[in-house]
Each structure stands twice: as structure tokens, then as C-alpha cells.
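Have a look at the structure below before the remarks.
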Amino acid sequence: MEWEQLLSLRRFGDAYKRLRKEQDETRLGFEVDYDRVIFSAAFRSLQDKTQVIPLSKTDFVHTRLTHSLEVSVVGRSLGRIAGKKILEKHPYLSEVHGYKFNDFGAIVAAAALAHDIGNPPFGHSGEKAIGEYFKNGNGQRFKNELSNKEYQDILEFEGNANGYKLLTESRKGVEGGLRLSYATLGAFMKYPKESLPKKPTKHIADKKFGFFQSDVDSFKEVASELGLSTTSHKGDVAYSRHPLTFLVEAADDICYTIIDFEDGINLGLIPEDFALEYLIKLVKDSINTKKYNELAYMEDRLSYLRALAINTLISDAIGTFVDNEEAILKGEFDVSLMEKSKFKAQIEDILSLSVKKIYQSQEVIEKEIAGYKIISDILEVYTTALTRHKEGDGSNYDQLMISTLPEFYRDTTGSTYSILLNACCYVASLSDSAAVHIHNKIMGKQL
């Protein structure tokens, strides 16, 4: 893969090539990507999707929106520092094509901002709940109407694939969705493959899937423009990662490792004494002990340690990225940057404590259970109403339920797959509160 192609400014529907040296520096194309994501309705819904504890009303807890903003900030730093080093190594990118180190930061920042945009309500349990409905719930009845890959799309519904769909899906009068640059779409795509075969290799890019069957042709076009290497297995659609995806992933890994840990302490789930104990090896070379000891409030002490820890992990990730740039461009670097971190042991200790004290806390478990029930009930009502309407035998109740859907999701003229996928994507679009509200209506608990 070549950087010149990988940094493509092309957007869906372009009839001409967008050249970097002809860009308006006050309105750079990659920065436009960021603006389009942040003003989108799908991004706004993240403000009511919690990051750690579903449905929590605690002020300390990060939402998906604040998490995404933080990941974007870290990603911008990663991209800028990496971009500076890449341009030093490949000066033709700047001298001939006009690329600047801020371009790399803008691409990573925009992709990182959008990285959770397709996630369902109730955290990662929301993805599992959608899949469970089709694996063990009444959704099993649709299996024989779908191809193996179509069924796999919904059986293991993937927020990353839904995110790509949201960013690129055409609607009447809105061709190409948000029409982001292909460089940003490439950096966004953590798993550039279709849902089957499942985990064909141990490569990080094959861990999950990144686009539904409805979007295969769309991503093929993006991959072709970017020059992504194909990793196809017997004709299946799969590609190597865009190199900047590793930086987007690192930004996410850094943030949820450190900030979820911070949330756990603020919530009282983890004692404050653990903060310094678990972070000391990350901050020992940069901490100002005198300044730390002068901080009177826990929140300020945590904030200081968090900033130092994030800075340390940014520098570490950049070192790994630059040292392995050649292997990354060849598609041969097969793990995340954090997996190669010299602080891997410390990261794993923090994550292990977070799993035990936060993710497996009673509050999280109880509310994830509620999320499973809510999502299953909503899917049952809407898939039944939509498929009956397609078959021409919908009831009055079915019609009432369909009328509550946004117009885009009411279409029943397509295949069973498209109807079911749309129903899943609608449920995924709901905020935590909206899902609870709809469920209450369905259950007759609220008029």
C-alpha cells in the first residue's frame, strides 16, 4: 500500500480527482469530515448512550459521546505526531503532493470521532442482545429466508458495520450518506471484511467484520481507491487495514483503558489508592510529585494522573507505529499497537481490575439484563410488523407500530434481509432512554 493513495480526498460521486495541493487551507477536506460527523443526528444520539454503565444517571460516567470526543482528541495527537514522522521519511508526500502533518491528525480525529457511531444502546451488550434475538429468540424463524452471510450479519450484529452503513448509506436526495473522504472511511474501518468466514486468521483485521452484505460494493470502491491490499479467502471480500486505523484503534484503547478506570474510581467502585498504584509505572518519568501532593481533591489528582498516563501511552504507540510502518503498509502487522506496548503488563492489570470492579459490577449486570429484554421485545414487535406488511397480512397493530418508525425504516418493498437489517439498525440507532420509552409504550406501561 502507498501513502499517496491511502490519503485520498475522494468522496462518493466525485467525477474528478481531489488534489491535496489544490485544497483550501481554511476548509481542508479532511477537516470537513470531522464537521459532518459531529453535526450528524447519529452522532448526537451518542449523548444518551452510556460508555460503561448502561442507563446510569451518575454524573461521573462517560457517555458514548464524551468518550468519542476524547478518543478523537487523542487520535488527533497520534495522527499529527505520526504524520510528522511519515513526512520526514517520505518527503515527496509534502514536496510533490502538498500533504502536511496536520492532515494525518485530521483523518484520525474524524475517524476516531465516528468510531462508536453505529453502536446500539446499553453498551456492547446491545450488540449481543440483537444477535441473541436471531440466534435463540423468535428471530430464528428468518434463518431459511437469508443467505449464510446475510444471517451472519444479524446473528452477530456489529456496531462497526452499522457505523459504516450510517456514514455511507444513500437516502432519497442524499447520495453517499455523509460523503466523507475515502481516507477517513478507510481509517474508520477496523475490520475490513464481510461477516463470513468468521475469524479466518488471527490477524487483528479479521477479529470481527466491518460491513454488511448491503455495503460490500460500497466498500470495494473505497478499498480500490485507497489501494488496500486484498486478503480474500476463496473469493470472500477482505482487505488489509488502512495504516491509520491502527492509530484510531490505539486512541480508543488508550481512552477506555485509562478513562474507564478513572470512572470506576469516581463511582466508588475502585478505591482511589489503586489509581497511583496501577498508574505509577506509566507516570513515574513525568509526574511532578510536589504538584501531585498539592492537589487537594480526588478529581484533580485523578485528572492529573490520567493526563500523564495518556501522554505516556501516546508516545509509546507512536514509537510502535513508526518502527513497524513498513510491515503495516504491507499488511503484515497483525496485532494492535497496544499489544506491542512496553506497558502491556500495566495495561492488562488496569483492564483486569476494571473488568472485575466495573464491567462485572452488580449495577452493570442488572441493567444489561434489562437491556437484553428491552431490545428483544422491540425487535420482536418491529420485525413481525414489517415482515407481515411485506406479505400483505399485517394487522392494525402492525400498522400502528410501523407508523411509529422514522419514514426511512418503513420500507417493506425490499428483501427480507433488507427489512430485518433495517429493523436492527433502527434499534441500534436508539438512545438508552428512547429504547426504554418505546419499550414502555409496547408493554402498555406508558400512555
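In the C-alpha cells, the first chain shown is A, the next is B, and so on; residue numbers restart at 1 for each chain, and ligands run from 1 in the order shown.
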Might you pull out every residue within 7 Å of Lys208 of chain A, with only C-alpha atoms counted and same-chain residues fewer than 2 positions away left off, and present them as a short mmCIF file (atom, residue, chain, number, x, y, z; two decimals) with N, CA and C atoms, in the first residue's frame?
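What follows is the written file selection-v1.cif:
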data_model
loop_
_atom_site.label_atom_id
_atom_site.label_comp_id
_atom_site.auth_asym_id
_atom_site.auth_seq_id
_atom_site.Cartn_x
_atom_site.Cartn_y
_atom_site.Cartn_z
N TYR A 191 -12.21 -3.45 10.79
CA TYR A 191 -12.26 -4.84 10.33
C TYR A 191 -12.75 -4.87 8.88
N LYS A 199 -13.41 -15.03 11.58
CA LYS A 199 -12.03 -15.12 12.07
C LYS A 199 -11.19 -16.11 11.26
N ASP A 206 -9.08 -9.40 11.14
CA ASP A 206 -10.06 -10.46 10.93
C ASP A 206 -10.84 -10.79 12.20
N GLY A 210 -16.62 -5.62 9.27
CA GLY A 210 -16.76 -4.17 9.21
C GLY A 210 -17.84 -3.64 8.30
#
Query - Spatial neighbours of segment 337-354 of chain A, max dist 9 Å, only C-alpha atoms, sep filter under 5 positions, as a ChimeraX atom specification - result: /A:246-247,249-250,253-254,256-258,260-261,264,270,278-279,281-282,313,316-318,320-321,359-360
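With only C-alpha atoms as the atoms that count, the minimum distance from Ser94 of chain A to the choices A:Glu407, A:Asp432, A:Glu272, A:Glu4 is reached by A:Glu4.
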Report task. Tell me, as a PyMOL selection string, which residues lie within 9 Å of segment 216-219 of chain A, counting only C-alpha atoms; anything in the same chain fewer than 6 positions away does not count. Result -> chain A and resi 164+168-169+185-186+192-194+237
What's the 8 Å shell around segment 26-39 of chain A, counting only C-alpha atoms, without same-chain residues fewer than 4 positions away, as an mmCIF file with N, CA and C atoms, in the first residue's frame?
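So the final result, stored in around_17.cif, reads:
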data_model
loop_
_atom_site.group_PDB
_atom_site.id
_atom_site.type_symbol
_atom_site.label_atom_id
_atom_site.label_comp_id
_atom_site.auth_asym_id
_atom_site.auth_seq_id
_atom_site.Cartn_x
_atom_site.Cartn_y
_atom_site.Cartn_z
ATOM 1 N N LEU A 9 -8.474 12.104 -0.994
ATOM 2 C CA LEU A 9 -9.525 13.056 -0.632
ATOM 3 C C LEU A 9 -10.836 12.797 -1.376
ATOM 4 N N PHE A 43 -24.514 10.949 15.469
ATOM 5 C CA PHE A 43 -23.514 11.307 16.479
ATOM 6 C C PHE A 43 -24.182 11.912 17.702
ATOM 7 N N ARG A 44 -25.176 12.742 17.484
ATOM 8 C CA ARG A 44 -25.852 13.384 18.619
ATOM 9 C C ARG A 44 -26.498 12.356 19.550
ATOM 10 N N ASP A 103 -2.740 16.874 8.285
ATOM 11 C CA ASP A 103 -3.686 16.061 7.510
ATOM 12 C C ASP A 103 -3.901 14.701 8.174
ATOM 13 N N ALA A 106 -6.038 15.143 11.168
ATOM 14 C CA ALA A 106 -7.439 15.393 10.829
ATOM 15 C C ALA A 106 -8.158 14.100 10.426
ATOM 16 N N ILE A 107 -7.477 13.243 9.670
ATOM 17 C CA ILE A 107 -8.072 11.967 9.257
ATOM 18 C C ILE A 107 -8.356 11.092 10.471
ATOM 19 N N ALA A 109 -8.559 11.973 13.615
ATOM 20 C CA ALA A 109 -9.535 12.616 14.509
ATOM 21 C C ALA A 109 -10.959 12.375 14.018
ATOM 22 N N ALA A 110 -11.194 12.522 12.714
ATOM 23 C CA ALA A 110 -12.545 12.325 12.161
ATOM 24 C C ALA A 110 -12.981 10.866 12.274
ATOM 25 N N ALA A 111 -12.073 9.950 11.933
ATOM 26 C CA ALA A 111 -12.407 8.526 12.029
ATOM 27 C C ALA A 111 -12.655 8.117 13.481
ATOM 28 N N LEU A 113 -13.670 10.107 15.900
ATOM 29 C CA LEU A 113 -14.916 10.724 16.329
ATOM 30 C C LEU A 113 -16.103 9.828 15.987
ATOM 31 N N ALA A 114 -16.011 9.144 14.840
ATOM 32 C CA ALA A 114 -17.117 8.313 14.346
ATOM 33 C C ALA A 114 -17.029 6.858 14.797
ATOM 34 N N LEU A 178 -22.922 10.730 4.465
ATOM 35 C CA LEU A 178 -22.205 11.948 4.853
ATOM 36 C C LEU A 178 -21.137 12.346 3.842
ATOM 37 N N LEU A 180 -18.013 11.289 3.307
ATOM 38 C CA LEU A 180 -16.705 11.525 3.898
ATOM 39 C C LEU A 180 -15.616 11.156 2.892
ATOM 40 N N SER A 181 -14.420 11.686 3.104
ATOM 41 C CA SER A 181 -13.313 11.323 2.233
ATOM 42 C C SER A 181 -13.029 9.840 2.397
ATOM 43 N N THR A 184 -10.688 8.911 5.280
ATOM 44 C CA THR A 184 -11.319 8.830 6.602
ATOM 45 C C THR A 184 -12.139 7.549 6.732
#
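One distance worth recording is that between atom CA of Thr245 of chain A and atom CA of Glu225 of chain A, which is 16.2 Å.
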Requested in this report: Mind giving me the straight-line distance from atom CA of Ser376 of chain A to atom CA of Val427 of chain A in Å, one decimal?
Outcome: 9.8 Å
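The smallest atom-to-atom distance between Ser45 of chain A and any of A:Ile117, A:Val71, A:Leu6, A:Ala385, using only C-alpha atoms, is found for A:Ile117.
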List the neighbours of His439 of chain A out to 9 Å using only C-alpha atoms; skip same-chain residues closer than 4 positions along the sequence, and give me the result as a CSV table (one decimal) with N, CA and C atoms, in the first residue's frame.
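For reference, out00.csv as written:
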chain,number,residue,atom,x,y,z
A,374,ILE,N,-35.4,-5.4,26.8
A,374,ILE,CA,-35.9,-4.3,26.0
A,374,ILE,C,-35.6,-4.5,24.5
A,375,ILE,N,-34.4,-4.8,24.2
A,375,ILE,CA,-34.1,-4.9,22.7
A,375,ILE,C,-34.8,-6.1,22.1
A,377,ASP,N,-37.7,-7.4,22.9
A,377,ASP,CA,-39.1,-7.1,22.7
A,377,ASP,C,-39.4,-6.1,21.6
A,378,ILE,N,-38.5,-5.1,21.5
A,378,ILE,CA,-38.6,-4.1,20.4
A,378,ILE,C,-38.4,-4.8,19.1
A,434,ALA,N,-34.5,6.4,24.8
A,434,ALA,CA,-35.5,6.2,23.7
A,434,ALA,C,-35.9,4.7,23.7
A,435,ALA,N,-35.0,3.8,23.9
A,435,ALA,CA,-35.3,2.4,23.9
A,435,ALA,C,-36.2,2.1,25.0
A,443,MET,N,-45.2,-2.2,26.0
A,443,MET,CA,-45.7,-3.0,27.2
A,443,MET,C,-47.0,-2.4,27.8
A,444,GLY,N,-47.4,-1.3,27.3
A,444,GLY,CA,-48.6,-0.6,27.8
A,444,GLY,C,-48.4,0.0,29.1
A,445,LYS,N,-47.2,0.3,29.5
A,445,LYS,CA,-46.8,1.0,30.8
A,445,LYS,C,-46.9,2.5,30.7
